[in-house]
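First up is the structure itself, then whatever we jot down about it.
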Amino acid sequence: MKKFFAAAVAVLLLMFSAVTPAFAEEEIFSQETLDYYAGLGLQGTTLNVYNWGEYIDDEELDVIFEFERVTGCDVNYTTFESNENMYSKLSGGGVSYDVIVPSDYMVERLMVENMLEKLDYANIPNYEKYFDAEQYGYLVNAEVGGEQIKDYGVIYNVGTTILIYNTKYVKEKPTSWDVLWDEQYEGRVLMFNNPRDTFAIAQALLGQDFNTENKEDWKAAADLLKEQRKTVKPEYVMDEVFDKMESGDYALATYYAGDYELMKANNPDLDFAFPEEGVNTFYDAMCIPKGSENKKGAEAFINFMLEPEVALANAEYIYYATPNKAVRENEDYSLIDSEAVYPTADLTTQEFHHVSDETIQYMNELFLEVKSEDNSVMFYAVFAAVIAVVIAVIVITVVRKKKMQKRHEV
C-alpha cells in the first residue's frame with residue numbers, strides 16, 4: 001500500500017512538473033506567440049549576440065533564457081563597452097556574430113563599409129505592430145548612401161548624454177559643461193572613455209558641429225580637453241562609472257541619461273542636468289552583420305525583442321527611452337514620467353553621423369594625445385630621475401676605483 005501511494009505521488013509530481021512550464025509560458029506569452037516561435041524551426045541552432053554590457057534584462061524576465069525556451073535556439077551572449085571596441089572586434093575577423101547593437105553613427109559606418117545584412121521584415125512582423133514610426137521615423141528613414149537606416153537596423157533604445165553630479169560636492173545645479181573644467185573638482189571628474197562622446201562635450205562648448213570634417217575644429221576641441229587633463233585630471237571610464245558615482249567619491253560624470261536613473265537608485269545624492277550648450281541624442285539599433293551564420297535566428301531574436309512583454313522588461317531594466325508603443329502605453333511602465341529619460345524641456349541636441357575615415361583616424365589620434373597629456377610630464381620626470389640615478393652610480397663607481405688605485409699604489 002505504501003509503495004502504491006509513493007508511486008502515485010511520484011506520478012502526480014511528474015505530471016505537475018510537466019504541466020507547470022506550460023502555465024508559466026502562458027503567463028508570459030500568448031499561445032499564438034509560443035506557436036509562432038516554435039514553428040520557426042530554430043531548434044538545435046545557435047545564435048551569437050554581441051550587445052552592450054548591462055543592456056538586456058536577466059532579472060525580472062530572463063530574456064535570453066525565454067528566447068531559448070520558446071525557440072529551442074541556443075544563444076551565445078557576449079558584451080562590449082564601446083562602439084569602437086565592437087567595431088574593432090567585428091572588423092578584425094576571426095569571430096562571427098548574428099546580432100549586434102551599434103549606435104547611430106556606427107550603424108552608418110557599418111552600412112558605408114558594407115558590413116551589415118539587409119533585414120527581411122517579413123521575419124520581423126512586430127516592427128509594424130509596435131515600433132513608433134510617428135515619433136522616431138525621422139531616424140530610421142534617414143538615408144546613408146541612398147539606403148535607409150531601417151533597411152539595416154531596428155532601433156532598440158533612444159537616449160541622450162547627460163551631466164551627472166553629486167550634490168554633496170556640487171551645491172548648485174550646473175548649467176554648462178564648463179563645470180567639468182572647474183579646478184575645485186580636481187580628481188573627482190569622470191569623462192567618457194570613447195572619443196566621440198568626449199569630443200562632443202568640448203565641441204558643444206566651442207559651438208561646433210559634432211560631425212565636422214574640419215581638422216581645425218577637432219584640434220581646437222582636443223586643445224580644450226588637454227586643458228582639462230592638466231588642471232582637473234579627469235578619469236576616463238565607461239561602465240566603471242556606475243561603481244564610482246554610486247560610491248559617492250566623485251563629484252561629476254558624463255554618461256547616458258538612462259544610466260543616471262540606475263545610479264540614482266543606489267545613491268540618492270546624485271542629480272542631473274542637461275547643459276545649455278547642448279547634448280548628443282542617440283539611438284542603438286539591432287543589426288545583423290555580414291557573415292552571420294544564422295540570419296533567420298537573428299531576425300527572430302530582433303522580433304522577440306519587440307514583443308511587448310520583452311520590451312517592457314528591457315525598458316525597466318535598462319532605463320532608456322523605448323520606441324515601443326506598447327510599452328509606453330502600458331500603465332505598469334514606471335519610467336514614463338522620468339525627466340531624465342523622457343525630458344519635457346526643450347533641449348539643444350545634435351546627433352552623431354558617420355564621418356570620413358580620415359576624420360575618424362585624426363580624432364582617434366587626438367584622443368590618444370589628450371589622454372596622455374599629463375603622462376608626458378610624468379615621463380620626463382621619471383626619465384630625469386633615472387638619468388640622475390645613473391649619473392650617481394657612475395660617479396660612485398669612479399670614486400671607488402680611484403680609491404682602490406690609491407690603496408694599491410700605497
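Letters A, B, ... mark the chains of the C-alpha cells in the order given; residue numbers begin at 1 per chain; ligand numbers begin at 1, in order shown.
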Could you make a table, as a tab-separated table, of the residues of range 41-106 of chain A that have an atom within 7 Å of an atom of range 274-289 of chain A, each with its nearest atom pair and distance in Å to one decimal, counting only C-alpha atoms, in chain and number order?
residue	atom	partner	partner_atom	distance
A:Tyr97	CA	A:Pro289	CA	6.7
A:Asp98	CA	A:Ile288	CA	5.5
A:Val99	CA	A:Ile288	CA	4.9
A:Ile100	CA	A:Cys287	CA	5.4
A:Val101	CA	A:Met286	CA	4.6
A:Pro102	CA	A:Asp284	CA	5.6
A:Ser103	CA	A:Asp284	CA	4.2
A:Asp104	CA	A:Tyr283	CA	5.6
Can you write just those residues out, N, CA and C atoms, as a PDB file, in the first residue's frame?
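Written file, selection-v6.pdb:
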ATOM      1  N   TYR A  97      29.287  36.957 -35.535  1.00  0.00           N
ATOM      2  CA  TYR A  97      28.121  37.359 -34.741  1.00  0.00           C
ATOM      3  C   TYR A  97      26.879  37.360 -35.627  1.00  0.00           C
ATOM      4  N   ASP A  98      25.744  37.163 -34.963  1.00  0.00           N
ATOM      5  CA  ASP A  98      24.471  37.168 -35.691  1.00  0.00           C
ATOM      6  C   ASP A  98      23.654  38.416 -35.392  1.00  0.00           C
ATOM      7  N   VAL A  99      23.788  38.946 -34.184  1.00  0.00           N
ATOM      8  CA  VAL A  99      23.104  40.193 -33.811  1.00  0.00           C
ATOM      9  C   VAL A  99      24.102  41.089 -33.084  1.00  0.00           C
ATOM     10  N   ILE A 100      24.187  42.350 -33.505  1.00  0.00           N
ATOM     11  CA  ILE A 100      24.997  43.348 -32.821  1.00  0.00           C
ATOM     12  C   ILE A 100      24.107  44.561 -32.541  1.00  0.00           C
ATOM     13  N   VAL A 101      24.544  45.415 -31.605  1.00  0.00           N
ATOM     14  CA  VAL A 101      23.710  46.566 -31.222  1.00  0.00           C
ATOM     15  C   VAL A 101      24.549  47.848 -31.241  1.00  0.00           C
ATOM     16  N   PRO A 102      24.956  48.313 -32.414  1.00  0.00           N
ATOM     17  CA  PRO A 102      25.740  49.549 -32.518  1.00  0.00           C
ATOM     18  C   PRO A 102      24.873  50.797 -32.357  1.00  0.00           C
ATOM     19  N   SER A 103      25.533  51.911 -32.085  1.00  0.00           N
ATOM     20  CA  SER A 103      24.841  53.200 -32.009  1.00  0.00           C
ATOM     21  C   SER A 103      24.762  53.833 -33.398  1.00  0.00           C
ATOM     22  N   ASP A 104      23.983  54.899 -33.481  1.00  0.00           N
ATOM     23  CA  ASP A 104      23.646  55.570 -34.733  1.00  0.00           C
ATOM     24  C   ASP A 104      24.804  55.751 -35.714  1.00  0.00           C
TER      25      ASP A 104
END
*asked:* Residues near Glu59 in chain A, anyone? I mean within 9 Å using only C-alpha atoms, not counting same-chain ones fewer than 4 positions away, as a list in words.
replied: Val63, Ala313 and Tyr317 of chain A
Writer output for current selection, N, CA, C and O atoms, as a PDB file, in the first residue's frame:
ATOM      1  N   VAL A  63      15.546  37.383 -20.459  1.00  0.00           N
ATOM      2  CA  VAL A  63      15.199  37.459 -21.876  1.00  0.00           C
ATOM      3  C   VAL A  63      15.895  36.381 -22.707  1.00  0.00           C
ATOM      4  O   VAL A  63      15.263  35.737 -23.551  1.00  0.00           O
ATOM      5  N   ALA A 313      10.145  44.606 -20.107  1.00  0.00           N
ATOM      6  CA  ALA A 313      11.161  44.139 -19.158  1.00  0.00           C
ATOM      7  C   ALA A 313      12.502  44.811 -19.433  1.00  0.00           C
ATOM      8  O   ALA A 313      13.188  45.254 -18.503  1.00  0.00           O
ATOM      9  N   TYR A 317      14.600  47.515 -17.113  1.00  0.00           N
ATOM     10  CA  TYR A 317      15.928  47.095 -16.665  1.00  0.00           C
ATOM     11  C   TYR A 317      17.007  48.083 -17.098  1.00  0.00           C
ATOM     12  O   TYR A 317      17.925  48.397 -16.342  1.00  0.00           O
TER      13      TYR A 317
END
*Taking only C-alpha atoms into account, which of A:Asn266, A:Asn324, A:Ser176, A:Thr71 comes nearest Thr45 in chain A?*
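Looking only at the distances to Thr45 in chain A, the closest residue turns out to be A:Thr71.
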*asked:* Residues within 12 Å of range 308-312 of chain A, please, as a VMD selection string. Count only C-alpha atoms; anything in the same chain fewer than 4 positions from it doesn't count.
replied: chain A and resid 25 to 30 33 55 to 67 126 to 127 129 to 131 155 to 157 301 to 304 316 to 336
*From range 188-328 of chain A, collect each residue whose DSSP state is strand (DSSP E or B) and return the set as a ChimeraX atom specification.*
/A:189-192,235-237,252-256,270-273,279-287,289,321,324
*Out of range 2-243 of chain A, which residues get helix (DSSP H, G or I) from DSSP, as a count of residues only?*
121
*Rank nothing, just name the residue among A:Gln208, A:Thr359, A:Ser91, A:Thr254 nearest to Asn114 in chain A, using only C-alpha atoms.*
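Of A:Gln208, A:Thr359, A:Ser91, A:Thr254, the one nearest Asn114 in chain A is A:Ser91, counting only C-alpha atoms.
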_Let me make sure I understand: among A:Ile164, A:Leu116, A:Met238, A:Met106, which one has the smallest atom-to-atom distance to Glu81 in chain A if we use only C-alpha atoms?_
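Answer, going by the shortest atom-to-atom distance: A:Met238.
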*range 232-237 of chain A surroundings by only C-alpha atoms, 7 Å radius, close-in-sequence under 4 positions cut, as number ranges by chain*: A: 181-183, 185-193, 228, 241
Writer output for current selection, N, CA, C and O atoms, as an mmCIF file, in the first residue's frame:
data_model
loop_
_atom_site.group_PDB
_atom_site.id
_atom_site.type_symbol
_atom_site.label_atom_id
_atom_site.label_comp_id
_atom_site.auth_asym_id
_atom_site.auth_seq_id
_atom_site.Cartn_x
_atom_site.Cartn_y
_atom_site.Cartn_z
ATOM 1 N N TRP A 181 35.546 71.609 -16.091
ATOM 2 C CA TRP A 181 36.888 72.216 -16.116
ATOM 3 C C TRP A 181 37.174 72.972 -14.823
ATOM 4 O O TRP A 181 38.225 73.575 -14.684
ATOM 5 N N ASP A 182 36.254 72.949 -13.867
ATOM 6 C CA ASP A 182 36.399 73.699 -12.624
ATOM 7 C C ASP A 182 37.428 73.021 -11.717
ATOM 8 O O ASP A 182 37.250 71.874 -11.302
ATOM 9 N N GLU A 183 38.498 73.740 -11.384
ATOM 10 C CA GLU A 183 39.611 73.159 -10.631
ATOM 11 C C GLU A 183 39.235 72.697 -9.233
ATOM 12 O O GLU A 183 39.935 71.857 -8.649
ATOM 13 N N TYR A 185 37.082 70.720 -8.501
ATOM 14 C CA TYR A 185 36.690 69.314 -8.561
ATOM 15 C C TYR A 185 37.831 68.428 -9.064
ATOM 16 O O TYR A 185 37.595 67.318 -9.556
ATOM 17 N N GLU A 186 39.046 68.901 -8.927
ATOM 18 C CA GLU A 186 40.212 68.148 -9.398
ATOM 19 C C GLU A 186 40.223 66.742 -8.804
ATOM 20 O O GLU A 186 40.055 66.547 -7.599
ATOM 21 N N GLY A 187 40.415 65.759 -9.669
ATOM 22 C CA GLY A 187 40.475 64.365 -9.234
ATOM 23 C C GLY A 187 39.130 63.739 -8.972
ATOM 24 O O GLY A 187 39.056 62.568 -8.576
ATOM 25 N N ARG A 188 38.043 64.488 -9.204
ATOM 26 C CA ARG A 188 36.701 63.954 -8.934
ATOM 27 C C ARG A 188 35.788 64.081 -10.148
ATOM 28 O O ARG A 188 34.575 64.193 -10.020
ATOM 29 N N VAL A 189 36.391 64.076 -11.327
ATOM 30 C CA VAL A 189 35.634 64.208 -12.574
ATOM 31 C C VAL A 189 35.821 62.948 -13.414
ATOM 32 O O VAL A 189 36.942 62.469 -13.590
ATOM 33 N N LEU A 190 34.724 62.428 -13.935
ATOM 34 C CA LEU A 190 34.746 61.242 -14.799
ATOM 35 C C LEU A 190 34.254 61.618 -16.193
ATOM 36 O O LEU A 190 33.201 62.234 -16.333
ATOM 37 N N MET A 191 35.046 61.240 -17.184
ATOM 38 C CA MET A 191 34.699 61.522 -18.577
ATOM 39 C C MET A 191 34.521 60.214 -19.345
ATOM 40 O O MET A 191 35.031 59.171 -18.951
ATOM 41 N N PHE A 192 33.808 60.298 -20.482
ATOM 42 C CA PHE A 192 33.652 59.136 -21.354
ATOM 43 C C PHE A 192 35.014 58.620 -21.809
ATOM 44 O O PHE A 192 35.881 59.402 -22.200
ATOM 45 N N ASN A 193 35.175 57.318 -21.824
ATOM 46 C CA ASN A 193 36.394 56.733 -22.380
ATOM 47 C C ASN A 193 36.144 56.298 -23.830
ATOM 48 O O ASN A 193 36.437 55.166 -24.221
ATOM 49 N N GLN A 228 41.720 70.570 -19.699
ATOM 50 C CA GLN A 228 41.029 69.862 -18.615
ATOM 51 C C GLN A 228 41.923 68.772 -18.030
ATOM 52 O O GLN A 228 41.975 68.581 -16.821
ATOM 53 N N VAL A 241 31.778 53.769 -14.417
ATOM 54 C CA VAL A 241 31.143 54.975 -13.879
ATOM 55 C C VAL A 241 30.076 54.631 -12.835
ATOM 56 O O VAL A 241 29.857 55.399 -11.896
#
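Comparing A:Gly291, A:Gly44, A:Pro343, A:Gly207 by their smallest distance to Leu90 in chain A, the closest is A:Gly291 (using only C-alpha atoms).
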*Glu216 in chain A: which residues within 12 Å, counting only C-alpha atoms, same-chain residues fewer than 2 positions away excluded, as a count of residues only?*
16
*Measuring atom to atom with only C-alpha atoms, identify which of A:Glu117, A:Asp35, A:Thr160, A:Glu84 is nearest to Leu347 in chain A.*
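Of all the options, A:Thr160 lies closest to Leu347 in chain A.
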_Given only C-alpha atoms as the counted atoms, nearest of A:Leu47, A:Leu225, A:Leu110, A:Leu270 to Ser247 in chain A_ =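 Selected residue with least distance to Ser247 in chain A: A:Leu270.
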*asked:* What's the separation between CA of Gln184 in chain A and CA of Phe272 in chain A, in Å to one decimal place?
replied: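 It comes out at 18.8 Å.
Atom pair CA of Ile201 in chain A / CA of Leu368 in chain A: separated by 16.5 Å.
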*asked:* Set the distance at 10 Å and use only C-alpha atoms: which residues neighbour Leu119 in chain A once local chain neighbours fewer than 5 positions away are removed? I'd like the list as a PyMOL selection string.
replied: chain A and resi 124+150-154+287-288+295-296+298-299
